[in-house]
>>> print(open('target-v6.pdb').read())   # PDB, C-alpha atoms
MODEL        1
ATOM      1  CA  MET A   1     150.444 158.108  92.842  1.00  0.00           C
ATOM      2  CA  ASP A   2     148.924 159.685  89.719  1.00  0.00           C
ATOM      3  CA  ILE A   3     150.057 158.826  86.186  1.00  0.00           C
ATOM      4  CA  ASP A   4     152.055 162.043  85.681  1.00  0.00           C
ATOM      5  CA  THR A   5     154.008 161.468  88.904  1.00  0.00           C
ATOM      6  CA  LEU A   6     154.654 157.860  87.908  1.00  0.00           C
ATOM      7  CA  LYS A   7     155.988 158.978  84.523  1.00  0.00           C
ATOM      8  CA  GLN A   8     158.314 161.506  86.125  1.00  0.00           C
ATOM      9  CA  ARG A   9     159.649 159.045  88.688  1.00  0.00           C
ATOM     10  CA  LEU A  10     160.358 156.426  86.025  1.00  0.00           C
ATOM     11  CA  GLY A  11     162.581 158.740  83.980  1.00  0.00           C
ATOM     12  CA  ARG A  12     165.926 160.495  84.191  1.00  0.00           C
ATOM     13  CA  PRO A  13     167.322 163.268  82.006  1.00  0.00           C
ATOM     14  CA  ALA A  14     169.821 162.195  79.364  1.00  0.00           C
ATOM     15  CA  THR A  15     171.680 163.576  76.383  1.00  0.00           C
ATOM     16  CA  ARG A  16     171.340 161.830  73.034  1.00  0.00           C
ATOM     17  CA  LEU A  17     174.437 162.131  70.860  1.00  0.00           C
ATOM     18  CA  VAL A  18     173.969 162.312  67.089  1.00  0.00           C
ATOM     19  CA  ALA A  19     176.944 161.759  64.795  1.00  0.00           C
ATOM     20  CA  GLY A  20     177.553 164.126  61.893  1.00  0.00           C
ATOM     21  CA  GLY A  21     175.242 166.439  60.007  1.00  0.00           C
ATOM     22  CA  PHE A  22     177.236 169.613  60.643  1.00  0.00           C
ATOM     23  CA  ARG A  23     180.644 171.115  59.938  1.00  0.00           C
ATOM     24  CA  PRO A  24     183.108 170.414  62.776  1.00  0.00           C
ATOM     25  CA  THR A  25     185.094 173.163  64.460  1.00  0.00           C
ATOM     26  CA  GLU A  26     187.998 170.884  65.482  1.00  0.00           C
ATOM     27  CA  GLY A  27     187.944 172.720  68.810  1.00  0.00           C
ATOM     28  CA  VAL A  28     188.828 171.527  72.292  1.00  0.00           C
ATOM     29  CA  ASP A  29     185.146 171.740  73.226  1.00  0.00           C
ATOM     30  CA  GLU A  30     183.940 169.347  70.546  1.00  0.00           C
ATOM     31  CA  SER A  31     182.894 165.727  71.041  1.00  0.00           C
ATOM     32  CA  TRP A  32     183.648 162.981  68.526  1.00  0.00           C
ATOM     33  CA  LEU A  33     182.955 159.355  67.744  1.00  0.00           C
ATOM     34  CA  GLY A  34     185.634 157.330  65.980  1.00  0.00           C
ATOM     35  CA  ARG A  35     188.322 159.893  66.739  1.00  0.00           C
ATOM     36  CA  VAL A  36     190.485 161.167  69.602  1.00  0.00           C
ATOM     37  CA  TYR A  37     192.800 164.129  69.095  1.00  0.00           C
ATOM     38  CA  LEU A  38     193.226 165.472  72.638  1.00  0.00           C
ATOM     39  CA  PHE A  39     196.004 163.941  74.750  1.00  0.00           C
ATOM     40  CA  ALA A  40     198.220 164.877  77.669  1.00  0.00           C
ATOM     41  CA  PRO A  41     201.641 165.990  76.385  1.00  0.00           C
ATOM     42  CA  ASP A  42     203.305 162.680  77.313  1.00  0.00           C
ATOM     43  CA  GLU A  43     200.507 160.397  76.080  1.00  0.00           C
ATOM     44  CA  ASP A  44     200.325 158.253  72.983  1.00  0.00           C
ATOM     45  CA  LEU A  45     197.735 155.788  71.753  1.00  0.00           C
ATOM     46  CA  PRO A  46     197.260 153.110  74.434  1.00  0.00           C
ATOM     47  CA  LEU A  47     198.267 149.548  73.556  1.00  0.00           C
ATOM     48  CA  ASP A  48     196.114 146.503  74.225  1.00  0.00           C
ATOM     49  CA  ALA A  49     197.187 143.202  75.801  1.00  0.00           C
ATOM     50  CA  ALA A  50     198.556 142.040  72.430  1.00  0.00           C
ATOM     51  CA  GLY A  51     200.697 145.171  72.080  1.00  0.00           C
ATOM     52  CA  GLN A  52     198.506 146.664  69.341  1.00  0.00           C
ATOM     53  CA  PRO A  53     197.176 150.242  69.341  1.00  0.00           C
ATOM     54  CA  MET A  54     193.656 150.479  70.711  1.00  0.00           C
ATOM     55  CA  LEU A  55     190.981 152.028  68.511  1.00  0.00           C
ATOM     56  CA  PRO A  56     189.905 155.596  69.394  1.00  0.00           C
ATOM     57  CA  ILE A  57     186.188 155.122  70.070  1.00  0.00           C
ATOM     58  CA  ALA A  58     185.164 158.522  71.424  1.00  0.00           C
ATOM     59  CA  GLN A  59     186.205 161.920  72.715  1.00  0.00           C
ATOM     60  CA  PHE A  60     183.685 163.778  74.899  1.00  0.00           C
ATOM     61  CA  HIS A  61     183.760 167.372  76.111  1.00  0.00           C
ATOM     62  CA  LEU A  62     181.623 166.959  79.206  1.00  0.00           C
ATOM     63  CA  PRO A  63     180.601 170.600  79.894  1.00  0.00           C
ATOM     64  CA  SER A  64     178.870 170.566  76.499  1.00  0.00           C
ATOM     65  CA  LEU A  65     176.783 167.527  77.368  1.00  0.00           C
ATOM     66  CA  ILE A  66     173.495 168.238  79.117  1.00  0.00           C
ATOM     67  CA  PRO A  67     172.656 167.332  81.850  1.00  0.00           C
ATOM     68  CA  PRO A  68     175.831 167.453  83.950  1.00  0.00           C
ATOM     69  CA  THR A  69     176.975 164.056  85.160  1.00  0.00           C
ATOM     70  CA  PRO A  70     177.435 164.234  88.965  1.00  0.00           C
ATOM     71  CA  SER A  71     179.828 161.289  89.133  1.00  0.00           C
ATOM     72  CA  LEU A  72     182.116 163.141  86.703  1.00  0.00           C
ATOM     73  CA  ASP A  73     182.262 166.484  88.507  1.00  0.00           C
ATOM     74  CA  GLY A  74     185.582 168.102  87.713  1.00  0.00           C
ATOM     75  CA  VAL A  75     186.168 166.109  84.522  1.00  0.00           C
ATOM     76  CA  ARG A  76     186.383 168.301  81.422  1.00  0.00           C
ATOM     77  CA  VAL A  77     187.338 165.813  78.712  1.00  0.00           C
ATOM     78  CA  LEU A  78     186.904 162.047  78.600  1.00  0.00           C
ATOM     79  CA  THR A  79     188.388 159.777  75.917  1.00  0.00           C
ATOM     80  CA  LEU A  80     187.624 156.111  75.233  1.00  0.00           C
ATOM     81  CA  PHE A  81     189.836 153.507  73.547  1.00  0.00           C
ATOM     82  CA  MET A  82     189.185 149.831  72.901  1.00  0.00           C
ATOM     83  CA  SER A  83     190.935 146.800  71.456  1.00  0.00           C
ATOM     84  CA  ARG A  84     189.784 145.539  68.060  1.00  0.00           C
ATOM     85  CA  ARG A  85     188.461 142.453  69.836  1.00  0.00           C
ATOM     86  CA  PHE A  86     185.850 143.467  72.358  1.00  0.00           C
ATOM     87  CA  PRO A  87     186.886 142.860  75.971  1.00  0.00           C
ATOM     88  CA  GLU A  88     184.988 140.398  78.095  1.00  0.00           C
ATOM     89  CA  PRO A  89     181.992 141.946  79.900  1.00  0.00           C
ATOM     90  CA  PHE A  90     183.112 143.493  83.201  1.00  0.00           C
ATOM     91  CA  GLU A  91     186.768 142.917  82.308  1.00  0.00           C
ATOM     92  CA  PRO A  92     188.875 145.384  84.357  1.00  0.00           C
ATOM     93  CA  MET A  93     189.991 148.494  82.534  1.00  0.00           C
ATOM     94  CA  GLY A  94     193.537 148.541  81.195  1.00  0.00           C
ATOM     95  CA  ASP A  95     194.446 145.607  78.979  1.00  0.00           C
ATOM     96  CA  ASN A  96     191.747 145.895  76.323  1.00  0.00           C
ATOM     97  CA  TRP A  97     189.837 149.088  77.007  1.00  0.00           C
ATOM     98  CA  LEU A  98     190.755 152.419  78.548  1.00  0.00           C
ATOM     99  CA  ILE A  99     189.055 155.623  79.617  1.00  0.00           C
ATOM    100  CA  ARG A 100     191.161 158.725  80.211  1.00  0.00           C
ATOM    101  CA  GLU A 101     189.816 161.622  82.259  1.00  0.00           C
ATOM    102  CA  TYR A 102     191.127 165.198  82.172  1.00  0.00           C
ATOM    103  CA  GLY A 103     190.251 167.964  84.612  1.00  0.00           C
ATOM    104  CA  GLU A 104     189.867 171.679  84.063  1.00  0.00           C
ATOM    105  CA  HIS A 105     193.531 172.408  84.820  1.00  0.00           C
ATOM    106  CA  ASP A 106     195.084 169.492  82.916  1.00  0.00           C
ATOM    107  CA  THR A 107     197.154 170.456  79.904  1.00  0.00           C
ATOM    108  CA  LEU A 108     195.853 168.947  76.672  1.00  0.00           C
ATOM    109  CA  VAL A 109     197.538 169.045  73.281  1.00  0.00           C
ATOM    110  CA  ARG A 110     196.200 168.168  69.870  1.00  0.00           C
ATOM    111  CA  LYS A 111     197.795 165.089  68.284  1.00  0.00           C
ATOM    112  CA  ALA A 112     197.097 163.274  65.029  1.00  0.00           C
ATOM    113  CA  LEU A 113     197.605 159.617  65.944  1.00  0.00           C
ATOM    114  CA  PRO A 114     195.710 157.519  63.398  1.00  0.00           C
ATOM    115  CA  VAL A 115     195.396 153.769  63.849  1.00  0.00           C
ATOM    116  CA  PRO A 116     196.305 151.912  60.640  1.00  0.00           C
ATOM    117  CA  ASP A 117     193.330 150.105  59.088  1.00  0.00           C
ATOM    118  CA  SER A 118     190.901 151.327  61.719  1.00  0.00           C
ATOM    119  CA  PRO A 119     187.367 150.322  60.660  1.00  0.00           C
ATOM    120  CA  LEU A 120     185.830 153.348  62.381  1.00  0.00           C
ATOM    121  CA  LYS A 121     184.719 156.494  60.591  1.00  0.00           C
ATOM    122  CA  ALA A 122     185.145 159.742  62.491  1.00  0.00           C
ATOM    123  CA  PHE A 123     182.228 162.145  63.013  1.00  0.00           C
ATOM    124  CA  PRO A 124     181.684 165.030  65.418  1.00  0.00           C
ATOM    125  CA  VAL A 125     178.609 164.620  67.591  1.00  0.00           C
ATOM    126  CA  LYS A 126     175.892 167.052  68.541  1.00  0.00           C
ATOM    127  CA  PRO A 127     174.076 166.768  71.901  1.00  0.00           C
ATOM    128  CA  HIS A 128     170.278 166.627  72.072  1.00  0.00           C
ATOM    129  CA  PRO A 129     168.691 166.846  75.545  1.00  0.00           C
ATOM    130  CA  VAL A 130     166.217 164.096  76.462  1.00  0.00           C
ATOM    131  CA  GLU A 131     163.832 165.075  79.248  1.00  0.00           C
ATOM    132  CA  ARG A 132     162.881 161.539  80.327  1.00  0.00           C
ATOM    133  CA  ASP A 133     164.869 158.429  79.510  1.00  0.00           C
ATOM    134  CA  CYS A 134     163.327 155.405  81.223  1.00  0.00           C
ATOM    135  CA  PRO A 135     164.659 151.928  82.006  1.00  0.00           C
ATOM    136  CA  LEU A 136     163.625 149.015  79.824  1.00  0.00           C
ATOM    137  CA  TRP A 137     160.919 146.879  81.432  1.00  0.00           C
ATOM    138  CA  ASP A 138     162.778 143.601  80.869  1.00  0.00           C
ATOM    139  CA  GLY A 139     166.229 145.110  81.228  1.00  0.00           C
ATOM    140  CA  GLY A 140     166.214 145.856  84.924  1.00  0.00           C
ATOM    141  CA  GLY A 141     166.293 149.268  86.555  1.00  0.00           C
ATOM    142  CA  VAL A 142     162.597 149.747  87.344  1.00  0.00           C
ATOM    143  CA  PRO A 143     162.305 150.168  91.152  1.00  0.00           C
ATOM    144  CA  LEU A 144     160.051 147.557  92.739  1.00  0.00           C
ATOM    145  CA  GLU A 145     157.654 150.196  94.091  1.00  0.00           C
ATOM    146  CA  LEU A 146     157.168 151.671  90.599  1.00  0.00           C
ATOM    147  CA  GLU A 147     156.915 148.233  89.011  1.00  0.00           C
ATOM    148  CA  ARG A 148     153.988 147.478  91.309  1.00  0.00           C
ATOM    149  CA  GLU A 149     152.355 150.779  90.365  1.00  0.00           C
ATOM    150  CA  VAL A 150     152.687 149.964  86.651  1.00  0.00           C
ATOM    151  CA  LEU A 151     151.286 146.441  87.096  1.00  0.00           C
ATOM    152  CA  ALA A 152     148.340 147.781  89.125  1.00  0.00           C
ATOM    153  CA  ARG A 153     147.436 150.173  86.308  1.00  0.00           C
ATOM    154  CA  MET A 154     147.726 147.410  83.740  1.00  0.00           C
ATOM    155  CA  ARG A 155     145.399 145.172  85.770  1.00  0.00           C
ATOM    156  CA  ALA A 156     142.964 148.075  86.123  1.00  0.00           C
ATOM    157  CA  GLY A 157     142.975 148.608  82.364  1.00  0.00           C
ATOM    158  CA  GLU A 158     144.314 152.152  82.653  1.00  0.00           C
ATOM    159  CA  ILE A 159     147.260 151.287  80.403  1.00  0.00           C
ATOM    160  CA  GLU A 160     147.988 148.350  78.109  1.00  0.00           C
ATOM    161  CA  SER A 161     151.759 148.352  78.514  1.00  0.00           C
ATOM    162  CA  TYR A 162     154.615 149.850  80.511  1.00  0.00           C
ATOM    163  CA  TYR A 163     155.661 151.528  77.274  1.00  0.00           C
ATOM    164  CA  ASP A 164     152.470 153.599  77.274  1.00  0.00           C
ATOM    165  CA  LEU A 165     154.164 155.571  80.065  1.00  0.00           C
ATOM    166  CA  THR A 166     157.783 155.637  78.982  1.00  0.00           C
ATOM    167  CA  THR A 167     160.344 156.433  76.319  1.00  0.00           C
ATOM    168  CA  HIS A 168     163.849 155.052  75.944  1.00  0.00           C
ATOM    169  CA  CYS A 169     166.835 156.313  73.943  1.00  0.00           C
ATOM    170  CA  TYR A 170     168.718 153.444  72.299  1.00  0.00           C
ATOM    171  CA  GLU A 171     171.342 155.663  70.677  1.00  0.00           C
ATOM    172  CA  HIS A 172     174.672 157.059  71.901  1.00  0.00           C
ATOM    173  CA  LYS A 173     173.929 158.919  75.124  1.00  0.00           C
ATOM    174  CA  PHE A 174     175.105 160.284  78.446  1.00  0.00           C
ATOM    175  CA  GLY A 175     172.828 159.763  81.418  1.00  0.00           C
ATOM    176  CA  GLY A 176     169.497 157.983  81.458  1.00  0.00           C
ATOM    177  CA  PHE A 177     169.442 154.197  81.568  1.00  0.00           C
ATOM    178  CA  PRO A 178     171.442 151.523  79.724  1.00  0.00           C
ATOM    179  CA  SER A 179     170.003 150.009  76.537  1.00  0.00           C
ATOM    180  CA  PHE A 180     170.210 146.336  77.371  1.00  0.00           C
ATOM    181  CA  CYS A 181     169.389 143.933  74.543  1.00  0.00           C
ATOM    182  CA  GLN A 182     169.021 140.936  76.861  1.00  0.00           C
ATOM    183  CA  ALA A 183     167.922 140.927  80.497  1.00  0.00           C
ATOM    184  CA  GLY A 184     169.957 143.621  82.254  1.00  0.00           C
ATOM    185  CA  VAL A 185     173.180 142.832  84.101  1.00  0.00           C
ATOM    186  CA  GLU A 186     174.653 145.632  86.203  1.00  0.00           C
ATOM    187  CA  PRO A 187     177.997 145.930  88.030  1.00  0.00           C
ATOM    188  CA  GLN A 188     178.222 145.622  91.769  1.00  0.00           C
ATOM    189  CA  GLU A 189     176.367 148.055  93.993  1.00  0.00           C
ATOM    190  CA  GLY A 190     177.560 151.651  94.085  1.00  0.00           C
ATOM    191  CA  PHE A 191     178.304 152.097  90.389  1.00  0.00           C
ATOM    192  CA  GLU A 192     176.329 154.695  88.439  1.00  0.00           C
ATOM    193  CA  PHE A 193     175.479 154.377  84.761  1.00  0.00           C
ATOM    194  CA  VAL A 194     177.236 157.157  82.835  1.00  0.00           C
ATOM    195  CA  PHE A 195     177.145 156.643  79.062  1.00  0.00           C
ATOM    196  CA  GLN A 196     176.806 154.278  76.143  1.00  0.00           C
ATOM    197  CA  VAL A 197     178.116 154.046  72.583  1.00  0.00           C
ATOM    198  CA  SER A 198     175.695 152.133  70.382  1.00  0.00           C
ATOM    199  CA  SER A 199     175.984 150.331  67.080  1.00  0.00           C
ATOM    200  CA  ASP A 200     175.929 152.952  64.332  1.00  0.00           C
ATOM    201  CA  ALA A 201     176.346 152.342  60.596  1.00  0.00           C
ATOM    202  CA  LYS A 202     177.488 155.935  60.082  1.00  0.00           C
ATOM    203  CA  ILE A 203     180.638 155.431  62.182  1.00  0.00           C
ATOM    204  CA  ASN A 204     180.894 151.792  61.035  1.00  0.00           C
ATOM    205  CA  LEU A 205     180.493 150.408  64.546  1.00  0.00           C
ATOM    206  CA  ASN A 206     178.540 147.203  65.107  1.00  0.00           C
ATOM    207  CA  VAL A 207     178.652 145.803  68.636  1.00  0.00           C
ATOM    208  CA  VAL A 208     178.470 142.113  67.613  1.00  0.00           C
ATOM    209  CA  ASP A 209     174.829 142.327  66.479  1.00  0.00           C
ATOM    210  CA  SER A 210     173.329 145.794  66.967  1.00  0.00           C
ATOM    211  CA  GLY A 211     174.341 146.030  70.630  1.00  0.00           C
ATOM    212  CA  SER A 212     175.773 148.824  72.772  1.00  0.00           C
ATOM    213  CA  LEU A 213     178.918 149.467  74.805  1.00  0.00           C
ATOM    214  CA  LEU A 214     177.791 150.407  78.340  1.00  0.00           C
ATOM    215  CA  PHE A 215     179.854 152.217  80.974  1.00  0.00           C
ATOM    216  CA  TRP A 216     179.366 152.805  84.707  1.00  0.00           C
ATOM    217  CA  ARG A 217     181.551 154.692  87.178  1.00  0.00           C
ATOM    218  CA  HIS A 218     181.870 154.463  90.955  1.00  0.00           C
ATOM    219  CA  PRO A 219     181.602 158.055  92.260  1.00  0.00           C
ATOM    220  CA  GLN A 220     183.798 157.440  95.306  1.00  0.00           C
ATOM    221  CA  SER A 221     186.584 155.253  93.927  1.00  0.00           C
ATOM    222  CA  GLY A 222     186.518 156.568  90.347  1.00  0.00           C
ATOM    223  CA  GLU A 223     186.598 152.974  89.086  1.00  0.00           C
ATOM    224  CA  TRP A 224     184.938 152.276  85.728  1.00  0.00           C
ATOM    225  CA  ALA A 225     182.921 149.194  84.753  1.00  0.00           C
ATOM    226  CA  PHE A 226     182.171 148.028  81.206  1.00  0.00           C
ATOM    227  CA  TYR A 227     179.518 145.715  79.800  1.00  0.00           C
ATOM    228  CA  TYR A 228     177.942 144.984  76.455  1.00  0.00           C
ATOM    229  CA  ASP A 229     175.287 142.725  75.030  1.00  0.00           C
ATOM    230  CA  PHE A 230     173.582 142.310  71.675  1.00  0.00           C
ATOM    231  CA  TYR A 231     170.582 140.812  69.909  1.00  0.00           C
TER
ENDMDL
END
>>> encode(input="target-v6.pdb", output="structure tokens")
Amino acid sequence: MDIDTLKQRLGRPATRLVAGGFRPTEGVDESWLGRVYLFAPDEDLPLDAAGQPMLPIAQFHLPSLIPPTPSLDGVRVLTLFMSRRFPEPFEPMGDNWLIREYGEHDTLVRKALPVPDSPLKAFPVKPHPVERDCPLWDGGGVPLELEREVLARMRAGEIESYYDLTTHCYEHKFGGFPSFCQAGVEPQEGFEFVFQVSSDAKINLNVVDSGSLLFWRHPQSGEWAFYYDFY
């Protein structure tokens, strides 16, 4: 396997999401961090296990995010809510975090439902395609075959480090690979990594200590899995 092939096989396309820097349209095709304004007609803010409104973390218009996410075929809008206290890693969805999915034919209405004293600042996000997002060497995700190829090239002196071959997006993103801070921990087999929301001073989000909120989805069951870690 030559170096160019190895580089290509290590990476996946992703979409980096950058908050702010442009005037929002407030349209139904716009993605946001720190704000959700699209709901089904009968929906309100979800409540957490303590009966308090969850914080609106994100609203994503999926057709605008490149590349398409196969496990979300048919989903047009996705919204994310979370309790003020972060859920436990891999805690089931419902009591302290919630993702809502809306298809092409679902009716959505615009609602202004602010959460009192929310620490989050709302910004629209702009997608930036990433050609190759690669797994972290010590975070898991590098297939054994490719790991052996990388180690062989290091022993041969062709490269000094795995990171001579790869790039990784640590920011908000759809697709690619999760940005683990510690050694990677993934949900049970069959789940596919979908997106992450990372610590960001602009939206006033700090995941404990510069960590990221990581989300996987099972393409057959539609079940979501959530994990986070930090430095």
>>> resolve_selection(input="target-v6.pdb", expression="the PyMOL selection byres ((chain A and resi 12) around 6)", output="PyMOL selection string")
chain A and resi 11+13+132-133+176
>>> closest_atom_pairs(input="target-v6.pdb", of="region 17-94 of chain A", to="region 203-209 of chain A", cutoff="8 Å", atoms="only C-alpha atoms", output="Markdown table")
| residue | atom | partner | partner_atom | distance |
| --- | --- | --- | --- | --- |
| A:Ala19 | CA | A:Ile203 | CA | 7.8 |
| A:Leu33 | CA | A:Ile203 | CA | 7.2 |
| A:Gly34 | CA | A:Ile203 | CA | 6.6 |
>>> resolve_selection(input="target-v6.pdb", expression="the PyMOL selection byres ((chain A and resi 182-189) around 12)", output="PyMOL selection string")
chain A and resi 89-92+135-142+177-181+190-193+209-212+214-219+223-231
>>> write_last_selection(input="target-v6.pdb", atoms="C-alpha atoms", output="JSON list (two decimals), in the frame of the given file")
[["chain", "number", "residue", "atom", "x", "y", "z"],
["A", 89, "PRO", "CA", 181.99, 141.95, 79.90],
["A", 90, "PHE", "CA", 183.11, 143.49, 83.20],
["A", 91, "GLU", "CA", 186.77, 142.92, 82.31],
["A", 92, "PRO", "CA", 188.88, 145.38, 84.36],
["A", 135, "PRO", "CA", 164.66, 151.93, 82.01],
["A", 136, "LEU", "CA", 163.62, 149.01, 79.82],
["A", 137, "TRP", "CA", 160.92, 146.88, 81.43],
["A", 138, "ASP", "CA", 162.78, 143.60, 80.87],
["A", 139, "GLY", "CA", 166.23, 145.11, 81.23],
["A", 140, "GLY", "CA", 166.21, 145.86, 84.92],
["A", 141, "GLY", "CA", 166.29, 149.27, 86.56],
["A", 142, "VAL", "CA", 162.60, 149.75, 87.34],
["A", 177, "PHE", "CA", 169.44, 154.20, 81.57],
["A", 178, "PRO", "CA", 171.44, 151.52, 79.72],
["A", 179, "SER", "CA", 170.00, 150.01, 76.54],
["A", 180, "PHE", "CA", 170.21, 146.34, 77.37],
["A", 181, "CYS", "CA", 169.39, 143.93, 74.54],
["A", 190, "GLY", "CA", 177.56, 151.65, 94.08],
["A", 191, "PHE", "CA", 178.30, 152.10, 90.39],
["A", 192, "GLU", "CA", 176.33, 154.70, 88.44],
["A", 193, "PHE", "CA", 175.48, 154.38, 84.76],
["A", 209, "ASP", "CA", 174.83, 142.33, 66.48],
["A", 210, "SER", "CA", 173.33, 145.79, 66.97],
["A", 211, "GLY", "CA", 174.34, 146.03, 70.63],
["A", 212, "SER", "CA", 175.77, 148.82, 72.77],
["A", 214, "LEU", "CA", 177.79, 150.41, 78.34],
["A", 215, "PHE", "CA", 179.85, 152.22, 80.97],
["A", 216, "TRP", "CA", 179.37, 152.80, 84.71],
["A", 217, "ARG", "CA", 181.55, 154.69, 87.18],
["A", 218, "HIS", "CA", 181.87, 154.46, 90.96],
["A", 219, "PRO", "CA", 181.60, 158.06, 92.26],
["A", 223, "GLU", "CA", 186.60, 152.97, 89.09],
["A", 224, "TRP", "CA", 184.94, 152.28, 85.73],
["A", 225, "ALA", "CA", 182.92, 149.19, 84.75],
["A", 226, "PHE", "CA", 182.17, 148.03, 81.21],
["A", 227, "TYR", "CA", 179.52, 145.72, 79.80],
["A", 228, "TYR", "CA", 177.94, 144.98, 76.46],
["A", 229, "ASP", "CA", 175.29, 142.72, 75.03],
["A", 230, "PHE", "CA", 173.58, 142.31, 71.68],
["A", 231, "TYR", "CA", 170.58, 140.81, 69.91]]
>>> resolve_selection(input="target-v6.pdb", expression="the PyMOL selection byres ((chain A and resi 78) around 12)", output="PyMOL selection string")
chain A and resi 28-33+36-40+56-65+72-77+79-81+98-104+106+108+174+194-195
>>> atom_distance(input="target-v6.pdb", atom1="CA of Cys169 (chain A)", atom2="CA of Ala122 (chain A)")
21.9 Å
>>> atom_distance(input="target-v6.pdb", atom1="CA of Leu55 (chain A)", atom2="CA of Leu113 (chain A)")
10.4 Å
>>> atom_distance(input="target-v6.pdb", atom1="CA of Val197 (chain A)", atom2="CA of Glu171 (chain A)")
7.2 Å
>>> closest_residue(input="target-v6.pdb", among="A:Ala201, A:Val18, A:Leu45, A:Leu146", to="Pro124 (chain A)", atoms="all atoms listed in the file")
A:Val18
>>> closest_residue(input="target-v6.pdb", among="A:Pro46, A:Tyr163, A:Met82, A:Thr15", to="Leu151 (chain A)", atoms="only C-alpha atoms")
A:Tyr163
>>> residues_around(input="target-v6.pdb", residues="Gly20 (chain A)", least_positions_apart="4", cutoff="8 Å", atoms="only C-alpha atoms", output="list in words")
Phe123, Pro124, Val125 and Lys126 of chain A
>>> closest_residue(input="target-v6.pdb", among="A:Val150, A:Ala14, A:Met54, A:Ala49", to="Pro116 (chain A)", atoms="all atoms listed in the file")
A:Met54
